[in-house]
>>> print(open('input-v7.txt').read())   # compact mmCIF, C-alpha atoms
# COMPACT_ATOMS: atom_id res chain seq x y z
CA MET T 298 25.30 45.18 16.31
CA ASN T 299 23.86 42.11 14.76
CA PRO T 300 20.16 42.44 14.04
CA THR T 301 18.37 39.25 14.89
CA PRO T 302 16.28 37.86 12.06
CA ALA T 303 12.57 37.74 12.70
CA SER T 304 11.55 34.21 13.51
CA PRO T 305 8.31 32.98 11.97
CA THR T 306 5.46 32.76 14.40
CA VAL T 307 3.76 29.43 14.83
CA GLY T 308 0.11 29.69 15.75
CA ALA T 309 -2.47 27.20 16.87
CA ASN T 310 -3.77 26.76 13.31
CA ASP T 311 -0.26 25.94 12.09
CA ILE T 312 0.02 23.16 14.66
CA LEU T 313 -3.46 21.93 13.75
CA ARG T 314 -2.54 21.88 10.06
CA PHE T 315 0.58 19.84 10.79
CA LEU T 316 -1.49 17.32 12.74
CA LEU T 317 -4.03 17.21 9.89
CA GLU T 318 -1.23 16.42 7.44
CA LEU T 319 0.04 13.58 9.61
CA PHE T 320 -3.50 12.28 10.10
CA ALA T 321 -4.08 12.34 6.34
CA PHE T 322 -0.92 10.35 5.63
CA VAL T 323 -1.70 7.79 8.34
CA SER T 324 -5.29 7.57 7.08
CA LEU T 325 -4.12 6.73 3.57
CA ALA T 326 -1.80 4.04 4.94
CA LEU T 327 -4.58 2.51 7.04
CA TRP T 328 -6.90 2.57 4.05
CA GLY T 329 -4.34 0.77 1.94
CA PHE T 330 -3.78 -1.95 4.50
CA LEU T 331 -7.41 -2.41 5.56
CA ALA T 332 -9.41 -1.87 2.36
CA TRP T 333 -7.32 -4.04 0.07
CA PRO T 334 -6.67 -7.78 0.44
CA LEU T 335 -3.38 -8.74 2.02
CA PRO T 336 -0.63 -9.48 1.14
CA TRP T 337 -1.05 -8.11 -2.39
CA PRO T 338 -2.16 -5.44 -3.25
CA GLY T 339 -2.76 -4.37 0.37
CA ILE T 340 0.88 -3.93 1.28
CA LEU T 341 1.62 -2.15 -1.97
CA VAL T 342 -1.31 0.29 -1.67
CA GLY T 343 -0.70 0.74 2.06
CA ILE T 344 2.83 1.94 1.36
CA LEU T 345 2.40 3.73 -1.97
CA ALA T 346 -0.76 5.73 -1.21
CA PRO T 347 0.75 7.74 1.67
CA ALA T 348 4.14 7.86 -0.09
CA PHE T 349 2.52 9.47 -3.14
CA ALA T 350 0.63 11.95 -0.94
CA ILE T 351 3.82 12.83 0.93
CA LEU T 352 5.67 13.30 -2.36
CA VAL T 353 2.98 15.60 -3.77
CA TRP T 354 2.88 17.56 -0.50
CA ALA T 355 6.68 17.91 -0.39
CA LEU T 356 6.94 18.99 -4.02
CA PHE T 357 4.11 21.52 -4.05
CA ARG T 358 2.76 22.44 -0.60
CA SER T 359 5.48 22.25 2.05
CA PRO T 360 7.17 25.45 3.26
CA LYS T 361 10.33 24.41 1.38
CA ALA T 362 8.50 23.14 -1.70
CA VAL T 363 10.51 22.36 -4.83
CA PHE T 364 7.86 23.93 -7.08
CA LYS T 365 6.50 27.23 -5.81
CA LEU T 366 2.76 27.63 -6.32
CA ASP T 367 0.41 30.52 -5.77
CA PRO T 368 -2.08 30.18 -2.90
CA PHE T 369 -4.74 28.75 -5.20
CA GLY T 370 -2.43 26.02 -6.49
CA LYS T 371 -1.52 25.17 -2.91
CA ALA T 372 -5.22 24.93 -2.09
CA ILE T 373 -5.72 22.43 -4.93
CA VAL T 374 -2.94 20.23 -3.53
CA GLU T 375 -4.47 20.42 -0.05
CA ILE T 376 -7.92 19.54 -1.37
CA PHE T 377 -6.43 16.56 -3.21
CA VAL T 378 -4.55 15.16 -0.18
CA PHE T 379 -7.14 15.93 2.50
CA GLY T 380 -9.99 14.87 0.22
CA ALA T 381 -8.28 11.55 -0.45
CA ALA T 382 -7.91 10.98 3.29
CA ALA T 383 -11.57 11.81 3.94
CA LEU T 384 -12.65 9.48 1.12
CA ALA T 385 -10.42 6.76 2.57
CA TRP T 386 -12.28 6.96 5.90
CA TRP T 387 -15.60 6.96 4.04
CA ASP T 388 -14.52 3.83 2.14
CA LEU T 389 -13.55 2.16 5.42
CA GLY T 390 -17.12 2.65 6.65
CA GLN T 391 -16.36 5.54 8.97
CA PRO T 392 -18.44 8.46 7.62
CA ILE T 393 -18.34 10.38 10.89
CA VAL T 394 -14.53 10.37 10.96
CA ALA T 395 -14.53 11.36 7.28
CA GLY T 396 -16.98 14.20 7.87
CA VAL T 397 -15.27 15.58 10.96
CA PHE T 398 -11.87 15.42 9.28
CA ALA T 399 -13.20 17.11 6.14
CA VAL T 400 -14.85 19.94 8.11
CA VAL T 401 -11.83 20.56 10.34
CA ALA T 402 -9.44 20.46 7.37
CA THR T 403 -11.67 22.83 5.39
CA VAL T 404 -11.97 25.38 8.19
CA SER T 405 -8.24 25.19 8.89
CA GLY T 406 -7.48 25.57 5.19
CA ILE T 407 -9.72 28.62 4.87
CA LEU T 408 -8.07 30.27 7.87
CA SER T 409 -4.61 29.47 6.56
CA GLY T 410 -5.46 30.65 3.06
CA ARG T 411 -6.85 33.94 4.29
CA LYS T 412 -3.72 34.45 6.38
CA GLU T 413 -1.52 33.67 3.37
CA LEU T 414 -3.45 36.06 1.13
CA GLY T 415 -3.17 38.75 3.78
CA ALA T 416 -6.90 39.15 4.26
>>> encode(input="input-v7.txt", output="structure tokens")
Amino acid sequence: MNPTPASPTVGANDILRFLLELFAFVSLALWGFLAWPLPWPGILVGILAPAFAILVWALFRSPKAVFKLDPFGKAIVEIFVFGAAALAWWDLGQPIVAGVFAVVATVSGILSGRKELGA
């Protein structure tokens, strides 16, 4: 008999968190292209801002992160990336989008953190 390994369960909050990550990266790209004059530095910021956020997320927060952090370190990385995306929307003159994104990301982060801590 071959015991089947337990597959990780993917809940609604996990899907929401993935969509929040994608939205944050796209937000940073839009901010770079729209808030800075084109062609330079707009193109450079529009490419490097989300690339840096993706790099930080991949190194420290992703499920297969290179550097393993405790839940509090992971929370700091999330606050950095999601906060930058919310501030980008605020800078673009969209405070409602920034506020809604910040609230949804915060609630999702709290739920995910409590799940990770086992509470």
>>> closest_atom_pairs(input="input-v7.txt", of="stretch 324-374 of chain T", to="stretch 385-391 of chain T", cutoff="7 Å", atoms="only C-alpha atoms", output="CSV")
residue,atom,partner,partner_atom,distance
T:Ser324,CA,T:Ala385,CA,6.9
T:Leu325,CA,T:Ala385,CA,6.4
T:Trp328,CA,T:Ala385,CA,5.7
T:Ala332,CA,T:Leu389,CA,6.5
>>> closest_residue(input="input-v7.txt", among="T:Val401, T:Gly396, T:Ile344, T:Gly406", to="T:Ile373", atoms="all atoms listed in the file")
T:Gly406
>>> residues_around(input="input-v7.txt", residues="T:Leu366", least_positions_apart="6", cutoff="10 Å", atoms="all atoms listed in the file", output="NGL selection string")
:T and (356-358 or 372 or 374)
>>> closest_residue(input="input-v7.txt", among="T:Lys371, T:Ala382, T:Pro334, T:Leu317", to="T:Pro347", atoms="only C-alpha atoms")
T:Ala382
>>> axis_aligned_box(input="input-v7.txt", around="stretch 336-354 of chain T", padding_each_side="5 Å", output="lines of an AutoDock Vina configuration file")
center_x = 1.5
center_y = 4.0
center_z = -0.9
size_x = 18.4
size_y = 37.0
size_z = 15.8
>>> atom_distance(input="input-v7.txt", atom1="atom CA of T:Ile312", atom2="atom CA of T:Phe330")
27.4 Å
>>> closest_residue(input="input-v7.txt", among="T:Val378, T:Ala399, T:Val307, T:Leu316", to="T:Ala348", atoms="only C-alpha atoms")
T:Val378
>>> atom_distance(input="input-v7.txt", atom1="atom CA of T:Val342", atom2="atom CA of T:Ile393")
23.4 Å
>>> atom_distance(input="input-v7.txt", atom1="atom CA of T:Lys361", atom2="atom CA of T:Ala321")
19.4 Å
>>> closest_residue(input="input-v7.txt", among="T:Phe364, T:Phe369, T:Phe322, T:Trp333", to="T:Phe349", atoms="only C-alpha atoms")
T:Phe322
>>> closest_residue(input="input-v7.txt", among="T:Val394, T:Val363, T:Ala346, T:Ile376", to="T:Ala326", atoms="all atoms listed in the file")
T:Ala346
>>> closest_residue(input="input-v7.txt", among="T:Pro368, T:Glu375, T:Leu331, T:Val323", to="T:Leu414", atoms="all atoms listed in the file")
T:Pro368
>>> decode(input="input-v7.txt", residues="stretch 319-364 of chain T", atoms="N, CA and C atoms", output="PDB file, in the first residue's frame")
ATOM      1  N   LEU T 319      -1.041  39.752  -6.776  1.00  0.00           N
ATOM      2  CA  LEU T 319      -1.021  40.169  -8.184  1.00  0.00           C
ATOM      3  C   LEU T 319      -1.449  41.624  -8.331  1.00  0.00           C
ATOM      4  N   PHE T 320      -2.482  42.014  -7.594  1.00  0.00           N
ATOM      5  CA  PHE T 320      -2.957  43.395  -7.654  1.00  0.00           C
ATOM      6  C   PHE T 320      -1.881  44.356  -7.160  1.00  0.00           C
ATOM      7  N   ALA T 321      -1.152  43.966  -6.126  1.00  0.00           N
ATOM      8  CA  ALA T 321      -0.082  44.822  -5.605  1.00  0.00           C
ATOM      9  C   ALA T 321       1.021  45.006  -6.645  1.00  0.00           C
ATOM     10  N   PHE T 322       1.409  43.936  -7.304  1.00  0.00           N
ATOM     11  CA  PHE T 322       2.478  44.038  -8.304  1.00  0.00           C
ATOM     12  C   PHE T 322       2.035  44.883  -9.499  1.00  0.00           C
ATOM     13  N   VAL T 323       0.806  44.682  -9.947  1.00  0.00           N
ATOM     14  CA  VAL T 323       0.283  45.480 -11.066  1.00  0.00           C
ATOM     15  C   VAL T 323       0.141  46.942 -10.647  1.00  0.00           C
ATOM     16  N   SER T 324      -0.269  47.168  -9.409  1.00  0.00           N
ATOM     17  CA  SER T 324      -0.407  48.537  -8.909  1.00  0.00           C
ATOM     18  C   SER T 324       0.923  49.268  -8.925  1.00  0.00           C
ATOM     19  N   LEU T 325       1.976  48.595  -8.501  1.00  0.00           N
ATOM     20  CA  LEU T 325       3.293  49.222  -8.503  1.00  0.00           C
ATOM     21  C   LEU T 325       3.765  49.531  -9.925  1.00  0.00           C
ATOM     22  N   ALA T 326       3.450  48.642 -10.859  1.00  0.00           N
ATOM     23  CA  ALA T 326       3.816  48.898 -12.255  1.00  0.00           C
ATOM     24  C   ALA T 326       3.036  50.100 -12.798  1.00  0.00           C
ATOM     25  N   LEU T 327       1.737  50.140 -12.544  1.00  0.00           N
ATOM     26  CA  LEU T 327       0.937  51.276 -13.011  1.00  0.00           C
ATOM     27  C   LEU T 327       1.439  52.582 -12.404  1.00  0.00           C
ATOM     28  N   TRP T 328       1.753  52.542 -11.118  1.00  0.00           N
ATOM     29  CA  TRP T 328       2.282  53.738 -10.463  1.00  0.00           C
ATOM     30  C   TRP T 328       3.566  54.206 -11.137  1.00  0.00           C
ATOM     31  N   GLY T 329       4.439  53.274 -11.445  1.00  0.00           N
ATOM     32  CA  GLY T 329       5.691  53.646 -12.088  1.00  0.00           C
ATOM     33  C   GLY T 329       5.486  54.281 -13.445  1.00  0.00           C
ATOM     34  N   PHE T 330       4.563  53.741 -14.211  1.00  0.00           N
ATOM     35  CA  PHE T 330       4.330  54.270 -15.555  1.00  0.00           C
ATOM     36  C   PHE T 330       3.516  55.567 -15.548  1.00  0.00           C
ATOM     37  N   LEU T 331       2.596  55.710 -14.598  1.00  0.00           N
ATOM     38  CA  LEU T 331       1.700  56.867 -14.611  1.00  0.00           C
ATOM     39  C   LEU T 331       2.180  58.042 -13.764  1.00  0.00           C
ATOM     40  N   ALA T 332       2.907  57.778 -12.693  1.00  0.00           N
ATOM     41  CA  ALA T 332       3.293  58.853 -11.779  1.00  0.00           C
ATOM     42  C   ALA T 332       4.615  59.503 -12.153  1.00  0.00           C
ATOM     43  N   TRP T 333       5.375  58.866 -12.992  1.00  0.00           N
ATOM     44  CA  TRP T 333       6.688  59.393 -13.368  1.00  0.00           C
ATOM     45  C   TRP T 333       6.663  59.777 -14.841  1.00  0.00           C
ATOM     46  N   PRO T 334       7.416  60.788 -15.227  1.00  0.00           N
ATOM     47  CA  PRO T 334       7.415  61.209 -16.639  1.00  0.00           C
ATOM     48  C   PRO T 334       8.036  60.141 -17.543  1.00  0.00           C
ATOM     49  N   LEU T 335       7.401  59.986 -18.688  1.00  0.00           N
ATOM     50  CA  LEU T 335       7.908  59.026 -19.671  1.00  0.00           C
ATOM     51  C   LEU T 335       8.821  59.746 -20.641  1.00  0.00           C
ATOM     52  N   PRO T 336       9.779  59.185 -21.273  1.00  0.00           N
ATOM     53  CA  PRO T 336      10.170  57.783 -21.161  1.00  0.00           C
ATOM     54  C   PRO T 336      11.041  57.493 -19.947  1.00  0.00           C
ATOM     55  N   TRP T 337      11.837  58.459 -19.507  1.00  0.00           N
ATOM     56  CA  TRP T 337      12.680  58.196 -18.332  1.00  0.00           C
ATOM     57  C   TRP T 337      12.290  59.154 -17.238  1.00  0.00           C
ATOM     58  N   PRO T 338      12.129  58.798 -16.081  1.00  0.00           N
ATOM     59  CA  PRO T 338      12.344  57.526 -15.407  1.00  0.00           C
ATOM     60  C   PRO T 338      11.125  56.625 -15.363  1.00  0.00           C
ATOM     61  N   GLY T 339      10.029  57.017 -16.035  1.00  0.00           N
ATOM     62  CA  GLY T 339       8.785  56.256 -15.968  1.00  0.00           C
ATOM     63  C   GLY T 339       8.919  54.795 -16.321  1.00  0.00           C
ATOM     64  N   ILE T 340       9.602  54.501 -17.416  1.00  0.00           N
ATOM     65  CA  ILE T 340       9.759  53.109 -17.827  1.00  0.00           C
ATOM     66  C   ILE T 340      10.600  52.353 -16.812  1.00  0.00           C
ATOM     67  N   LEU T 341      11.653  53.006 -16.352  1.00  0.00           N
ATOM     68  CA  LEU T 341      12.541  52.356 -15.382  1.00  0.00           C
ATOM     69  C   LEU T 341      11.810  52.049 -14.075  1.00  0.00           C
ATOM     70  N   VAL T 342      11.084  53.023 -13.528  1.00  0.00           N
ATOM     71  CA  VAL T 342      10.353  52.809 -12.276  1.00  0.00           C
ATOM     72  C   VAL T 342       9.207  51.830 -12.492  1.00  0.00           C
ATOM     73  N   GLY T 343       8.533  51.921 -13.640  1.00  0.00           N
ATOM     74  CA  GLY T 343       7.423  51.031 -13.940  1.00  0.00           C
ATOM     75  C   GLY T 343       7.829  49.575 -14.031  1.00  0.00           C
ATOM     76  N   ILE T 344       9.070  49.319 -14.372  1.00  0.00           N
ATOM     77  CA  ILE T 344       9.561  47.936 -14.442  1.00  0.00           C
ATOM     78  C   ILE T 344      10.227  47.526 -13.139  1.00  0.00           C
ATOM     79  N   LEU T 345      11.028  48.417 -12.564  1.00  0.00           N
ATOM     80  CA  LEU T 345      11.814  48.038 -11.381  1.00  0.00           C
ATOM     81  C   LEU T 345      11.006  47.989 -10.090  1.00  0.00           C
ATOM     82  N   ALA T 346       9.986  48.825  -9.936  1.00  0.00           N
ATOM     83  CA  ALA T 346       9.202  48.806  -8.700  1.00  0.00           C
ATOM     84  C   ALA T 346       8.513  47.450  -8.489  1.00  0.00           C
ATOM     85  N   PRO T 347       7.755  46.943  -9.479  1.00  0.00           N
ATOM     86  CA  PRO T 347       7.151  45.625  -9.255  1.00  0.00           C
ATOM     87  C   PRO T 347       8.194  44.505  -9.242  1.00  0.00           C
ATOM     88  N   ALA T 348       9.274  44.664 -10.007  1.00  0.00           N
ATOM     89  CA  ALA T 348      10.316  43.626 -10.009  1.00  0.00           C
ATOM     90  C   ALA T 348      10.958  43.503  -8.623  1.00  0.00           C
ATOM     91  N   PHE T 349      11.194  44.642  -7.975  1.00  0.00           N
ATOM     92  CA  PHE T 349      11.767  44.607  -6.627  1.00  0.00           C
ATOM     93  C   PHE T 349      10.786  43.986  -5.643  1.00  0.00           C
ATOM     94  N   ALA T 350       9.507  44.335  -5.751  1.00  0.00           N
ATOM     95  CA  ALA T 350       8.495  43.757  -4.861  1.00  0.00           C
ATOM     96  C   ALA T 350       8.373  42.252  -5.075  1.00  0.00           C
ATOM     97  N   ILE T 351       8.422  41.816  -6.324  1.00  0.00           N
ATOM     98  CA  ILE T 351       8.347  40.379  -6.620  1.00  0.00           C
ATOM     99  C   ILE T 351       9.573  39.670  -6.062  1.00  0.00           C
ATOM    100  N   LEU T 352      10.744  40.273  -6.193  1.00  0.00           N
ATOM    101  CA  LEU T 352      11.969  39.681  -5.662  1.00  0.00           C
ATOM    102  C   LEU T 352      11.901  39.541  -4.142  1.00  0.00           C
ATOM    103  N   VAL T 353      11.478  40.593  -3.461  1.00  0.00           N
ATOM    104  CA  VAL T 353      11.366  40.533  -2.002  1.00  0.00           C
ATOM    105  C   VAL T 353      10.352  39.473  -1.595  1.00  0.00           C
ATOM    106  N   TRP T 354       9.225  39.419  -2.296  1.00  0.00           N
ATOM    107  CA  TRP T 354       8.187  38.433  -1.980  1.00  0.00           C
ATOM    108  C   TRP T 354       8.719  37.012  -2.207  1.00  0.00           C
ATOM    109  N   ALA T 355       9.410  36.806  -3.307  1.00  0.00           N
ATOM    110  CA  ALA T 355       9.929  35.460  -3.621  1.00  0.00           C
ATOM    111  C   ALA T 355      10.998  35.031  -2.631  1.00  0.00           C
ATOM    112  N   LEU T 356      11.838  35.961  -2.208  1.00  0.00           N
ATOM    113  CA  LEU T 356      12.919  35.603  -1.289  1.00  0.00           C
ATOM    114  C   LEU T 356      12.433  35.343   0.126  1.00  0.00           C
ATOM    115  N   PHE T 357      11.414  36.074   0.572  1.00  0.00           N
ATOM    116  CA  PHE T 357      11.053  36.021   1.986  1.00  0.00           C
ATOM    117  C   PHE T 357       9.645  35.542   2.299  1.00  0.00           C
ATOM    118  N   ARG T 358       8.686  35.674   1.383  1.00  0.00           N
ATOM    119  CA  ARG T 358       7.290  35.420   1.754  1.00  0.00           C
ATOM    120  C   ARG T 358       6.632  34.266   1.006  1.00  0.00           C
ATOM    121  N   SER T 359       7.126  33.886  -0.132  1.00  0.00           N
ATOM    122  CA  SER T 359       6.451  32.854  -0.916  1.00  0.00           C
ATOM    123  C   SER T 359       6.505  31.508  -0.185  1.00  0.00           C
ATOM    124  N   PRO T 360       5.638  30.571  -0.562  1.00  0.00           N
ATOM    125  CA  PRO T 360       5.666  29.259   0.088  1.00  0.00           C
ATOM    126  C   PRO T 360       7.011  28.540  -0.075  1.00  0.00           C
ATOM    127  N   LYS T 361       7.716  28.802  -1.149  1.00  0.00           N
ATOM    128  CA  LYS T 361       9.038  28.192  -1.368  1.00  0.00           C
ATOM    129  C   LYS T 361      10.124  29.252  -1.248  1.00  0.00           C
ATOM    130  N   ALA T 362      10.040  30.069  -0.207  1.00  0.00           N
ATOM    131  CA  ALA T 362      10.965  31.178  -0.019  1.00  0.00           C
ATOM    132  C   ALA T 362      12.389  30.685   0.194  1.00  0.00           C
ATOM    133  N   VAL T 363      13.341  31.448  -0.302  1.00  0.00           N
ATOM    134  CA  VAL T 363      14.754  31.117  -0.143  1.00  0.00           C
ATOM    135  C   VAL T 363      15.167  31.282   1.316  1.00  0.00           C
ATOM    136  N   PHE T 364      14.722  32.369   1.930  1.00  0.00           N
ATOM    137  CA  PHE T 364      15.030  32.643   3.335  1.00  0.00           C
ATOM    138  C   PHE T 364      13.770  32.418   4.156  1.00  0.00           C
TER     139      PHE T 364
END
